[in-house]
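Visitor: Quick one, start20.tsv (TSV, C-alpha atoms):
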```
chain	number	residue	atom	x	y	z
T	680	MET	CA	-43.84	69.41	38.44
T	681	TRP	CA	-40.23	70.40	38.28
T	682	TRP	CA	-39.00	67.52	40.49
T	683	MET	CA	-40.38	65.06	37.92
T	684	MET	CA	-38.38	66.57	35.06
T	685	GLY	CA	-34.91	65.60	33.98
T	686	GLU	CA	-32.09	67.93	33.17
T	687	ASN	CA	-33.13	68.11	29.53
T	688	GLY	CA	-36.77	68.49	30.22
T	689	GLY	CA	-37.60	64.76	29.74
T	690	PRO	CA	-39.25	62.45	32.21
T	691	TYR	CA	-37.11	61.45	35.13
T	692	CYS	CA	-37.08	58.10	36.95
T	693	SER	CA	-35.48	57.90	40.33
T	694	LYS	CA	-35.07	54.04	40.11
T	695	LYS	CA	-31.38	53.13	39.84
T	696	SER	CA	-30.48	51.22	36.65
T	697	ASP	CA	-28.04	48.27	36.84
T	698	ASP	CA	-27.92	47.66	33.06
T	699	LEU	CA	-24.26	48.07	32.13
T	700	CYS	CA	-24.52	46.51	28.65
T	701	GLY	CA	-25.18	49.84	27.07
T	702	THR	CA	-22.16	51.60	28.58
T	703	GLN	CA	-19.19	52.53	26.45
T	704	GLU	CA	-16.57	52.01	29.13
T	705	SER	CA	-13.29	50.64	27.77
T	706	ASP	CA	-11.61	49.66	31.03
T	707	ARG	CA	-10.35	46.11	31.23
T	708	GLY	CA	-12.37	45.67	34.36
T	709	PHE	CA	-15.48	45.57	32.27
T	710	GLY	CA	-14.25	42.54	30.19
T	711	ILE	CA	-16.23	40.01	32.20
T	712	THR	CA	-19.26	42.28	32.10
T	713	ARG	CA	-19.06	42.50	28.33
T	714	LEU	CA	-18.77	38.66	28.08
T	715	CYS	CA	-21.85	38.29	30.26
T	716	CYS	CA	-23.68	40.73	28.03
T	717	MET	CA	-22.68	38.72	24.95
T	718	LEU	CA	-23.95	35.50	26.51
T	719	ARG	CA	-27.21	37.11	27.69
T	720	GLY	CA	-30.06	35.48	25.89
T	721	ILE	CA	-28.11	32.25	25.23
T	722	ASP	CA	-29.45	29.35	27.24
T	723	LEU	CA	-27.34	26.79	29.12
T	724	LYS	CA	-27.75	24.09	26.46
T	725	SER	CA	-26.34	26.36	23.78
T	726	ILE	CA	-23.36	27.25	25.98
T	727	ILE	CA	-22.59	23.56	26.59
T	728	PHE	CA	-22.88	22.90	22.86
T	729	LEU	CA	-20.44	25.70	22.00
T	730	LEU	CA	-17.91	24.98	24.73
T	731	VAL	CA	-18.01	21.16	24.83
T	732	ILE	CA	-19.65	19.50	21.85
T	733	VAL	CA	-18.09	21.65	19.10
T	734	PRO	CA	-14.48	21.25	20.37
T	735	LEU	CA	-15.02	17.49	20.72
T	736	CYS	CA	-16.25	17.32	17.13
T	737	VAL	CA	-13.22	19.27	15.91
T	738	ILE	CA	-10.85	16.94	17.79
T	739	GLY	CA	-12.72	13.89	16.46
T	740	VAL	CA	-12.42	15.06	12.87
T	741	TYR	CA	-8.71	15.80	13.38
T	742	ILE	CA	-8.03	12.32	14.77
T	743	HIS	CA	-10.41	10.30	12.60
T	744	GLY	CA	-10.77	12.52	9.53
T	745	LEU	CA	-8.99	10.06	7.24
T	746	LYS	CA	-11.20	7.25	8.51
T	747	ILE	CA	-14.33	9.29	7.85
T	748	SER	CA	-13.09	10.12	4.35
T	749	TYR	CA	-12.43	6.47	3.50
T	750	PHE	CA	-15.74	5.32	4.98
T	751	LEU	CA	-17.62	7.84	2.84
T	752	ARG	CA	-15.63	6.92	-0.26
T	753	PRO	CA	-18.63	5.26	-1.97
T	754	LEU	CA	-20.34	8.68	-1.98
T	755	TRP	CA	-17.61	10.49	-3.87
T	756	GLU	CA	-15.78	7.85	-5.89
T	757	SER	CA	-17.18	5.22	-8.23
T	758	PRO	CA	-15.58	1.78	-8.50
T	759	PRO	CA	-13.18	1.27	-11.42
T	760	LYS	CA	-14.23	-0.56	-14.55
T	761	PRO	CA	-14.33	-4.31	-13.87
T	762	PHE	CA	-11.57	-6.48	-15.30
T	763	HIS	CA	-12.30	-9.21	-17.81
T	764	ASN	CA	-11.42	-12.25	-15.72
T	765	ILE	CA	-9.70	-15.08	-17.57
T	766	PRO	CA	-10.22	-18.45	-15.81
T	767	HIS	CA	-6.93	-20.09	-14.86
T	768	TYR	CA	-6.53	-23.81	-15.50
T	769	HIS	CA	-3.65	-25.83	-14.07
T	770	HIS	CA	-2.71	-29.31	-13.05
T	771	GLU	CA	0.82	-30.63	-12.77
T	772	ASN	CA	-0.08	-33.73	-14.83
T	773	ALA	CA	-1.85	-31.85	-17.64
T	774	SER	CA	0.09	-31.26	-20.86
T	775	MET	CA	0.99	-27.73	-21.88
T	776	GLU	CA	-0.94	-28.18	-25.13
T	777	SER	CA	-4.08	-29.04	-23.15
T	778	LEU	CA	-3.63	-26.11	-20.76
T	779	CYS	CA	-3.08	-23.58	-23.54
T	780	LYS	CA	-6.15	-24.90	-25.35
T	781	LEU	CA	-8.28	-24.57	-22.20
T	782	HIS	CA	-7.35	-20.86	-22.07
T	783	GLY	CA	-8.23	-20.40	-25.76
T	784	TRP	CA	-4.60	-20.04	-26.79
T	785	GLY	CA	-2.32	-21.97	-29.08
T	786	VAL	CA	0.91	-23.67	-28.03
T	787	ARG	CA	4.33	-22.52	-29.23
T	788	GLU	CA	7.12	-24.65	-30.68
T	789	TYR	CA	9.49	-23.16	-28.11
T	790	PRO	CA	8.94	-20.96	-25.04
T	791	ARG	CA	9.45	-17.22	-24.90
T	792	ARG	CA	12.30	-15.71	-22.92
T	793	VAL	CA	11.23	-14.24	-19.57
T	794	TYR	CA	12.56	-11.14	-17.80
T	795	ASP	CA	11.68	-10.44	-14.17
T	796	ALA	CA	12.31	-6.78	-13.27
T	797	VAL	CA	11.91	-5.26	-9.79
T	798	LEU	CA	12.67	-2.13	-7.81
T	799	PHE	CA	14.29	-3.26	-4.57
T	800	SER	CA	14.25	-1.63	-1.15
T	801	THR	CA	14.99	-3.96	1.79
T	802	GLU	CA	12.88	-7.14	1.30
T	803	VAL	CA	15.70	-9.72	1.24
T	804	GLU	CA	13.59	-12.69	2.40
T	805	LEU	CA	10.71	-12.07	-0.02
T	806	LEU	CA	13.09	-11.49	-2.91
T	807	THR	CA	14.78	-14.83	-2.19
T	808	ILE	CA	11.41	-16.65	-2.15
T	809	ARG	CA	10.32	-14.84	-5.32
T	810	TRP	CA	13.45	-15.66	-7.30
T	811	GLN	CA	13.52	-19.27	-6.11
T	812	GLU	CA	9.89	-19.62	-7.21
T	813	LEU	CA	10.56	-18.16	-10.67
T	814	TYR	CA	14.12	-19.48	-11.20
T	815	PRO	CA	13.29	-22.41	-13.51
T	816	TYR	CA	11.62	-20.19	-16.11
T	817	VAL	CA	13.27	-16.74	-15.93
T	818	THR	CA	15.93	-15.90	-18.51
T	819	GLN	CA	17.20	-12.75	-16.80
T	820	PHE	CA	16.61	-11.24	-13.38
T	821	VAL	CA	16.80	-7.43	-13.48
T	822	LEU	CA	17.04	-5.46	-10.24
T	823	LEU	CA	17.46	-1.77	-9.52
T	824	GLU	CA	18.02	-0.31	-6.07
T	825	SER	CA	18.56	3.22	-4.80
T	826	ASN	CA	20.37	4.73	-1.84
T	827	SER	CA	17.14	6.49	-0.88
T	828	THR	CA	13.50	5.60	-0.36
T	829	PHE	CA	10.63	7.06	-2.37
T	830	THR	CA	10.15	9.55	0.48
T	831	GLY	CA	13.79	10.68	0.29
T	832	LEU	CA	15.12	8.85	3.36
T	833	PRO	CA	18.74	7.70	2.95
T	834	LYS	CA	19.24	3.93	3.02
T	835	PRO	CA	22.10	1.52	2.38
T	836	LEU	CA	22.34	-0.57	-0.79
T	837	VAL	CA	20.88	-3.63	0.91
T	838	PHE	CA	20.93	-5.95	-2.10
T	839	ALA	CA	24.54	-5.15	-2.88
T	840	SER	CA	25.54	-6.15	0.66
T	841	HIS	CA	23.67	-9.50	0.43
T	842	ARG	CA	24.43	-10.27	-3.20
T	843	ALA	CA	27.41	-12.59	-2.78
T	844	GLU	CA	25.91	-14.63	0.06
T	845	GLU	CA	22.15	-14.73	-0.50
T	846	PHE	CA	21.82	-14.42	-4.28
T	847	LYS	CA	24.75	-16.34	-5.68
T	848	PHE	CA	22.31	-18.74	-7.34
T	849	VAL	CA	21.06	-16.07	-9.80
T	850	GLU	CA	24.43	-14.43	-10.51
T	851	PRO	CA	24.82	-15.83	-14.07
T	852	ARG	CA	21.40	-14.45	-14.98
T	853	LEU	CA	21.48	-11.19	-13.02
T	854	THR	CA	21.49	-7.63	-14.36
T	855	TYR	CA	21.97	-5.28	-11.41
T	856	GLY	CA	21.88	-1.50	-11.25
T	857	SER	CA	21.99	1.15	-8.54
T	858	ILE	CA	20.80	4.72	-8.72
T	859	GLY	CA	21.41	7.71	-6.49
T	860	GLY	CA	18.45	9.34	-4.81
T	861	ARG	CA	17.74	12.90	-5.83
T	862	PHE	CA	17.10	14.10	-2.24
T	863	LYS	CA	15.17	17.10	-3.56
T	864	LYS	CA	14.42	19.59	-0.82
T	865	GLY	CA	10.82	20.66	-0.57
T	866	GLU	CA	9.55	17.93	-2.91
T	867	LYS	CA	6.69	16.37	-1.01
T	868	ASN	CA	5.33	13.88	-3.52
T	869	PRO	CA	7.08	10.47	-3.19
T	870	PHE	CA	5.47	9.29	-6.43
T	871	TYR	CA	7.87	11.54	-8.37
T	872	GLU	CA	10.83	9.61	-7.00
T	873	GLU	CA	9.07	6.30	-7.69
T	874	ALA	CA	8.42	7.31	-11.32
T	875	TYR	CA	12.04	8.44	-11.66
T	876	GLN	CA	13.29	5.01	-10.57
T	877	ARG	CA	10.89	3.17	-12.87
T	878	VAL	CA	12.23	5.12	-15.86
T	879	ALA	CA	15.75	4.06	-14.84
T	880	LEU	CA	14.54	0.45	-14.71
T	881	ASP	CA	13.40	0.76	-18.35
T	882	GLN	CA	16.96	1.64	-19.31
T	883	LEU	CA	18.37	-1.24	-17.27
T	884	LEU	CA	16.05	-3.66	-19.08
T	885	ARG	CA	17.48	-2.57	-22.43
T	886	LEU	CA	20.98	-3.19	-21.11
T	887	ALA	CA	19.86	-6.65	-20.02
T	888	GLY	CA	19.08	-7.46	-23.66
T	889	ILE	CA	15.28	-7.66	-23.72
T	890	THR	CA	13.83	-7.88	-27.24
T	891	ASP	CA	10.40	-7.86	-28.88
T	892	ASP	CA	7.93	-10.55	-27.74
T	893	ASP	CA	9.98	-11.48	-24.68
T	894	LEU	CA	7.83	-11.74	-21.55
T	895	LEU	CA	8.38	-8.99	-18.99
T	896	ILE	CA	7.07	-9.38	-15.43
T	897	MET	CA	6.19	-6.01	-13.86
T	898	SER	CA	5.48	-6.27	-10.15
T	899	ASP	CA	6.80	-5.26	-6.76
T	900	VAL	CA	9.05	-7.66	-4.88
T	901	ASP	CA	6.17	-8.74	-2.61
T	902	GLU	CA	3.90	-9.49	-5.60
T	903	ILE	CA	5.04	-13.02	-6.50
T	904	PRO	CA	3.65	-14.76	-9.60
T	905	SER	CA	3.40	-18.52	-9.26
T	906	ARG	CA	5.89	-20.65	-11.14
T	907	HIS	CA	3.26	-22.48	-13.21
T	908	THR	CA	1.63	-19.17	-14.24
T	909	ILE	CA	4.82	-17.92	-15.87
T	910	ASN	CA	5.49	-21.27	-17.48
T	911	LEU	CA	1.98	-21.22	-19.00
T	912	LEU	CA	2.43	-17.73	-20.42
T	913	ARG	CA	5.84	-18.42	-21.93
T	914	TRP	CA	4.58	-21.53	-23.76
T	915	CYS	CA	1.16	-20.31	-24.95
T	916	ASP	CA	0.68	-18.36	-28.15
T	917	ASP	CA	-1.76	-15.49	-28.72
T	918	ILE	CA	-1.81	-14.42	-25.08
T	919	PRO	CA	-2.82	-10.76	-24.48
T	920	GLU	CA	-0.04	-8.22	-25.05
T	921	ILE	CA	-0.64	-6.93	-21.51
T	922	LEU	CA	-2.10	-9.29	-18.93
T	923	HIS	CA	-2.67	-8.40	-15.28
T	924	LEU	CA	-2.29	-11.13	-12.68
T	925	ARG	CA	-4.83	-11.57	-9.90
T	926	LEU	CA	-2.95	-12.47	-6.75
T	927	LYS	CA	-4.09	-13.59	-3.31
T	928	ASN	CA	-3.66	-10.74	-0.83
T	929	TYR	CA	-1.90	-11.45	2.47
T	930	LEU	CA	-0.88	-9.07	5.25
T	931	TYR	CA	2.13	-9.54	7.61
T	932	SER	CA	2.41	-13.27	6.73
T	933	PHE	CA	0.52	-16.09	5.03
T	934	GLU	CA	-1.53	-16.40	8.22
T	935	PHE	CA	-3.65	-13.36	7.37
T	936	ALA	CA	-5.44	-13.86	4.04
T	937	VAL	CA	-7.22	-10.62	3.11
T	938	ASP	CA	-8.82	-11.34	-0.28
T	939	ASP	CA	-7.93	-12.21	-3.87
T	940	LYS	CA	-8.18	-8.69	-5.29
T	941	SER	CA	-4.52	-7.78	-5.85
T	942	TRP	CA	-4.23	-6.77	-9.52
T	943	ARG	CA	-1.23	-4.49	-10.05
T	944	ALA	CA	1.20	-7.25	-11.10
T	945	SER	CA	1.29	-7.71	-14.88
T	946	VAL	CA	3.04	-9.61	-17.65
T	947	HIS	CA	3.86	-7.90	-20.97
T	948	ARG	CA	4.87	-9.11	-24.39
T	949	TYR	CA	7.67	-6.60	-24.79
T	950	LYS	CA	7.56	-4.05	-27.60
T	951	THR	CA	10.55	-1.79	-28.21
T	952	GLY	CA	9.67	1.88	-27.75
T	953	LYS	CA	6.18	1.08	-26.46
T	954	THR	CA	6.50	-1.01	-23.31
T	955	LYS	CA	7.16	1.14	-20.22
T	956	TYR	CA	7.70	-0.19	-16.73
T	957	ALA	CA	4.73	0.86	-14.59
T	958	HIS	CA	2.66	-0.20	-11.60
T	959	TYR	CA	-0.85	0.90	-12.52
T	960	ARG	CA	-3.70	-0.53	-14.59
T	961	GLN	CA	-2.63	-0.97	-18.19
T	962	SER	CA	-5.28	-3.31	-19.63
T	963	ASP	CA	-8.68	-4.87	-18.92
T	964	GLU	CA	-7.51	-8.50	-19.03
T	965	ILE	CA	-6.61	-10.34	-15.81
T	966	LEU	CA	-5.67	-13.98	-15.18
T	967	ALA	CA	-7.24	-15.48	-12.06
T	968	ASP	CA	-5.34	-17.10	-9.17
T	969	SER	CA	-1.84	-16.31	-10.43
T	970	GLY	CA	0.24	-16.01	-7.26
T	971	TRP	CA	0.64	-14.22	-3.93
T	972	HIS	CA	0.92	-10.66	-2.67
T	973	CYS	CA	2.37	-10.61	0.84
T	974	SER	CA	2.35	-6.99	2.03
T	975	PHE	CA	4.41	-5.88	5.05
T	976	CYS	CA	5.79	-9.42	5.42
T	977	PHE	CA	8.98	-8.71	7.37
T	978	ARG	CA	11.07	-10.62	9.86
T	979	ARG	CA	11.96	-7.66	12.13
T	980	ILE	CA	9.90	-4.95	13.82
T	981	SER	CA	12.49	-2.39	12.71
T	982	GLU	CA	11.68	-3.26	9.07
T	983	PHE	CA	8.00	-2.55	9.65
T	984	VAL	CA	8.83	0.84	11.14
T	985	PHE	CA	11.20	1.68	8.29
T	986	LYS	CA	8.63	0.69	5.64
T	987	MET	CA	5.91	2.78	7.31
T	988	LYS	CA	8.14	5.85	7.03
T	989	ALA	CA	9.61	5.03	3.63
T	990	TYR	CA	6.88	3.99	1.25
T	991	SER	CA	4.78	6.22	-0.97
T	992	HIS	CA	1.81	6.45	1.42
T	993	TYR	CA	3.90	7.67	4.37
T	994	ASP	CA	1.25	10.34	5.04
T	995	ARG	CA	-0.82	7.60	6.70
T	996	VAL	CA	1.54	7.75	9.68
T	997	ARG	CA	-0.51	10.51	11.29
T	998	PHE	CA	0.76	10.08	14.85
T	999	GLY	CA	4.16	9.21	16.27
T	1000	HIS	CA	2.85	6.40	18.47
T	1001	TYR	CA	1.97	4.41	15.33
T	1002	LEU	CA	5.69	3.61	15.09
T	1003	ASN	CA	5.99	2.33	18.66
T	1004	PRO	CA	7.53	-1.20	18.43
T	1005	LYS	CA	5.19	-2.64	21.08
T	1006	ARG	CA	2.17	-1.32	19.20
T	1007	VAL	CA	3.48	-2.66	15.90
T	1008	GLN	CA	3.95	-6.14	17.40
T	1009	ARG	CA	0.47	-6.10	18.92
T	1010	VAL	CA	-1.09	-5.02	15.61
T	1011	ILE	CA	0.69	-7.82	13.71
T	1012	CYS	CA	-0.50	-10.57	16.04
T	1013	ASN	CA	-4.07	-9.22	16.09
T	1014	GLY	CA	-4.28	-8.82	12.32
T	1015	ASP	CA	-5.19	-5.14	12.72
T	1016	ASP	CA	-4.22	-2.26	10.43
T	1017	LEU	CA	-0.85	-0.62	11.10
T	1018	PHE	CA	-2.22	2.79	10.09
T	1019	ASP	CA	-5.60	2.37	11.81
T	1020	MET	CA	-7.31	2.80	8.45
T	1021	ILE	CA	-10.75	1.97	7.12
T	1022	PRO	CA	-10.64	-0.69	4.33
T	1023	GLU	CA	-10.11	0.82	0.88
T	1024	GLU	CA	-13.28	-0.33	-0.87
T	1025	TYR	CA	-15.92	1.23	-3.09
T	1026	THR	CA	-19.16	-0.01	-1.49
T	1027	PHE	CA	-20.42	0.26	2.07
T	1028	LYS	CA	-21.05	-3.50	2.05
T	1029	ASP	CA	-17.38	-4.26	1.30
T	1030	ILE	CA	-16.12	-1.63	3.76
T	1031	ILE	CA	-18.24	-2.92	6.64
T	1032	GLY	CA	-17.47	-6.54	5.72
T	1033	LYS	CA	-13.71	-5.93	6.05
T	1034	MET	CA	-13.74	-3.76	9.15
T	1035	GLY	CA	-11.98	-5.16	12.19
T	1036	PRO	CA	-9.06	-7.61	12.45
T	1037	ILE	CA	-8.27	-10.04	9.63
T	1038	PRO	CA	-9.31	-13.58	10.62
T	1039	HIS	CA	-6.45	-15.99	11.31
T	1040	SER	CA	-5.89	-18.72	8.73
T	1041	TYR	CA	-4.17	-21.99	9.54
T	1042	SER	CA	-3.76	-23.19	5.98
T	1043	ALA	CA	-0.32	-23.30	4.37
T	1044	VAL	CA	-1.52	-25.08	1.24
T	1045	HIS	CA	-0.54	-23.83	-2.24
T	1046	LEU	CA	2.26	-21.53	-1.06
T	1047	PRO	CA	5.65	-21.06	-2.77
T	1048	ALA	CA	7.58	-24.34	-2.71
T	1049	TYR	CA	10.84	-22.80	-1.48
T	1050	LEU	CA	9.03	-21.30	1.52
T	1051	LEU	CA	7.75	-24.71	2.64
T	1052	GLU	CA	11.06	-26.44	1.90
T	1053	ASN	CA	12.77	-23.92	4.20
T	1054	ALA	CA	10.00	-23.53	6.74
T	1055	GLU	CA	12.28	-23.19	9.76
T	1056	ARG	CA	14.18	-20.31	8.19
T	1057	TYR	CA	11.00	-18.51	7.13
T	1058	LYS	CA	8.65	-19.57	9.92
T	1059	PHE	CA	7.71	-15.92	10.58
T	1060	LEU	CA	5.77	-16.08	7.30
T	1061	LEU	CA	3.79	-19.18	8.25
T	1062	PRO	CA	0.62	-19.51	10.38
T	1063	GLY	CA	1.11	-19.46	14.14
T	1064	ASN	CA	4.33	-17.42	14.15
T	1065	CYS	CA	3.33	-13.76	14.55
T	1066	LEU	CA	6.10	-12.72	16.95
T	1067	ARG	CA	8.87	-10.78	15.22
T	1068	ASP	CA	12.52	-10.10	15.97
T	1069	LYS	CA	13.05	-6.61	17.38
T	1070	GLU	CA	16.12	-5.83	15.32
```
Represent the supplied structure as C-alpha cells.
Guide:
Amino acid sequence: MWWMMGENGGPYCSKKSDDLCGTQESDRGFGITRLCCMLRGIDLKSIIFLLVIVPLCVIGVYIHGLKISYFLRPLWESPPKPFHNIPHYHHENASMESLCKLHGWGVREYPRRVYDAVLFSTEVELLTIRWQELYPYVTQFVLLESNSTFTGLPKPLVFASHRAEEFKFVEPRLTYGSIGGRFKKGEKNPFYEEAYQRVALDQLLRLAGITDDDLLIMSDVDEIPSRHTINLLRWCDDIPEILHLRLKNYLYSFEFAVDDKSWRASVHRYKTGKTKYAHYRQSDEILADSGWHCSFCFRRISEFVFKMKAYSHYDRVRFGHYLNPKRVQRVICNGDDLFDMIPEEYTFKDIIGKMGPIPHSYSAVHLPAYLLENAERYKFLLPGNCLRDKE
C-alpha cells in the first residue's frame, strides 16, 4: 500500500517524534536540550552528588588538606629512631664529683670554657632571660643577626638597637656580628637563608676564639638550657662529643606546658674543622630534663604576627585571617594552635591525645631564676597573664 511507504521505500510511521537528542543542530538554542540529553538516564541522587557533594569535598580538601595530611602522617611516615635517654641527676647540695659519678662520668680538675651561640631575630625578652640564666658559666656569648628574616622580609637590627641598654651586662663577653640578607628574588625555600646564616655563625665563632674541647651550645634563642645543666657538662669528663638536650616544651608562655619532647638543642665538645653549627639531629644521646623551650613567647601581638610571616614554616599561614590580631589574642588565651594545625606526631594515639587546646597550668616551679626575680616585668610569661600588648 503506497500510503504506508516512505520516500525511500521503507516503512512509514505517521506518529510525530519528539526525540531531539539525535539531531545535529548546532544552534545555541539547542544548548539546554543537549544538556538535558546528557543528563538523561542520570537519576536525581547522582545529580545531587555531582553538583553538591563533590564541590563540598573539593572545598573541604582545600581548606583542611594540611590537617588531613598531618592526621594521616602515621600511614606514610615512620617515627624517627629513639634517642638514648641519659637520666639527669641534680641537687643544689650535691657535690659535682657525686653528680658526675651518677652520670657515669669523671670529674675534671678545672671546668671547660663554654660558648653560647645564637641566631637572633626579635626575641629581646627571651634572650635576656636566657643570658641571665647562663651568665655564671658562659665564657663567651656569640650572636649573629641579619637585616632580613629567613623568608626574606626586611627587618631592623633589633639587637643592635637594644645592646647598650638591655645587654650591657654581657658586653665584656660578647662577640656580635651582623649579616646582610640576600633578598634573592624567586627563591622560595627559607631554609636556604637559614643555612646561609648558620654558616656565617660558624665563622663568627672562630673569631670569638673557640678552641678544641670547649663546650658549644647550639640552640635557638627560645631553647634555654638550665644553668645547672651547663655547669654539670663543663665540669664532667668523658661526656659525649655531641649531646642533645631534652627540654620542656611550652607554647605562648609557661602557662601552656605541651610536653617534654623538645630535642633540637645540643651541646658539643668543639672540634676544629669538624663541628658545624646546625639545628637538626646530630647524635643519638640526649640528656633528660635539661631546660625550657618557650615557643612563640612574645609580649606583643605584633610580634606574633611578624613571627608567623617570618619563620621558616611561613607556608602554614594559609589564610589571611590567621593574622588578625583579635584572632591571635583569642588563640593565645585558649591555648589553641595559631596555624590551626593537627599535632605533629607519628602515632594516631599521640595525635588524638594532643588534639584540642593545651590545658592551662598554674605551676611556676622550676623556671629560670631571673624570670621569677623579675616577675612583674615578665608577667606575660607566667600563668594567668595571657593578654598581650597590641604594639
Visitor: I'd like to know which of T:Ile727, T:Leu1046, T:Ala989, T:Cys779 is closest to T:Pro833, using only C-alpha atoms.
Guide: T:Ala989
Visitor: What is the atom CA of T:Ile1011 to atom CA of T:Asn868 distance in Å?
Guide: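 Atom CA of T:Asn868 lies 28.1 Å from atom CA of T:Ile1011.
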Visitor: For a test of reading the model, state the distance in Å between atom CA of T:Trp810 and atom CA of T:Leu778, rounded to one decimal.
Guide: 24.1 Å
Visitor: Nearest residue to T:Leu813 out of T:Tyr1049, T:Tyr1025, T:Phe762, T:Tyr871, using all atoms listed in the file?
Guide: T:Tyr1049
Visitor: Name the closest residue to T:Leu1051 among the candidates T:Leu880, T:Ile808, T:Met987, T:Leu895; distances are taken between atoms, counting only C-alpha atoms.
Guide: T:Ile808
Visitor: Quick one: residues within 9 Å of T:Asp881, all atoms listed in the file, excluding same-chain residues fewer than 6 positions away - as a ChimeraX atom specification?
Guide: /T:954-956
Visitor: Please provide as a ChimeraX atom specification all residues within 12 Å of T:Gly952, with the sequence filter that same-chain residues fewer than 5 positions apart are discarded (counting all atoms listed in the file).
Guide: /T:881-882,885,889-891
Visitor: For the selection just defined, write its residues with C-alpha atoms to a file, as a PDB file, keeping the file's coordinate frame.
Guide:
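Printed below is result_39.pdb as written:
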```
ATOM      1  CA  ASP T 881      13.400   0.760 -18.350  1.00  0.00           C
ATOM      2  CA  GLN T 882      16.960   1.640 -19.310  1.00  0.00           C
ATOM      3  CA  ARG T 885      17.480  -2.570 -22.430  1.00  0.00           C
ATOM      4  CA  ILE T 889      15.280  -7.660 -23.720  1.00  0.00           C
ATOM      5  CA  THR T 890      13.830  -7.880 -27.240  1.00  0.00           C
ATOM      6  CA  ASP T 891      10.400  -7.860 -28.880  1.00  0.00           C
TER       7      ASP T 891
END
```
Visitor: Between T:Asn1003, T:Ala796, T:Asp1029, T:Ala1043, which residue has the minimum interatomic distance to T:Ala957, considering all atoms listed in the file?
Guide: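 With all atoms listed in the file as the atom set, the closest residue is T:Ala796.
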Visitor: Using only C-alpha atoms, which of T:Leu894, T:Glu771, T:Gly859, T:Arg978 sits nearest T:Pro835?
Guide: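 Answer, going by the shortest atom-to-atom distance: T:Gly859.
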Visitor: Between atom CA of T:Thr828 and atom CA of T:Tyr990, what is the spacing in Å?
Guide: 7.0 Å
Visitor: Which residue is closest to T:Glu934? Choose from T:Leu806, T:Ile1031, T:Ala1048, T:Cys973 and count only C-alpha atoms.
Guide: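 Checking each of T:Leu806, T:Ile1031, T:Ala1048, T:Cys973 against T:Glu934, counting only C-alpha atoms, the winner is T:Cys973.
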Visitor: Do you know which residues are at most 8 Å from T:Tyr816 counting all atoms listed in the file, after dropping those on the same chain fewer than 6 positions away, and could you put them as an NGL selection string?
Guide: :T and (793 or 906 or 909-910)
Visitor: Selection from above, C-alpha atoms, as an mmCIF file, in the frame of the given file, can you write it?
Guide:
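To be explicit, this is the file written out as selection11.cif:
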```cif
data_model
loop_
_atom_site.group_PDB
_atom_site.id
_atom_site.type_symbol
_atom_site.label_atom_id
_atom_site.label_comp_id
_atom_site.auth_asym_id
_atom_site.auth_seq_id
_atom_site.Cartn_x
_atom_site.Cartn_y
_atom_site.Cartn_z
ATOM 1 C CA VAL T 793 11.230 -14.240 -19.570
ATOM 2 C CA ARG T 906 5.890 -20.650 -11.140
ATOM 3 C CA ILE T 909 4.820 -17.920 -15.870
ATOM 4 C CA ASN T 910 5.490 -21.270 -17.480
#
```
Visitor: So that I can check the surroundings of T:Leu798, please list as a PDB file with C-alpha atoms, in the coordinates of the input every protein, DNA and RNA residue that reaches within 8 Å of it, counting all atoms listed in the file and ignoring chain neighbours fewer than 6 positions away.
Guide:
```
ATOM      1  CA  LEU T 822      17.040  -5.460 -10.240  1.00  0.00           C
ATOM      2  CA  LEU T 823      17.460  -1.770  -9.520  1.00  0.00           C
ATOM      3  CA  GLU T 824      18.020  -0.310  -6.070  1.00  0.00           C
ATOM      4  CA  GLN T 876      13.290   5.010 -10.570  1.00  0.00           C
ATOM      5  CA  ARG T 877      10.890   3.170 -12.870  1.00  0.00           C
ATOM      6  CA  LEU T 880      14.540   0.450 -14.710  1.00  0.00           C
ATOM      7  CA  ASP T 899       6.800  -5.260  -6.760  1.00  0.00           C
ATOM      8  CA  VAL T 900       9.050  -7.660  -4.880  1.00  0.00           C
TER       9      VAL T 900
END
```
Visitor: Name the residues in contact with T:Asp795 at a cut-off of 8 Å, using only C-alpha atoms, excluding same-chain residues fewer than 5 positions from it; report them as an NGL selection string.
Guide: :T and (817 or 819-821 or 895-897)
Visitor: Using only the atoms of stretch 901-911 of chain T listed in the file, plus 8 Å on each side, state the axis-aligned box centre and edge lengths in Å rounded to one decimal, as JSON.
Guide:
```
{"center_x": 3.9, "center_y": -15.6, "center_z": -10.8, "size_x": 20.5, "size_y": 29.7, "size_z": 32.4}
```
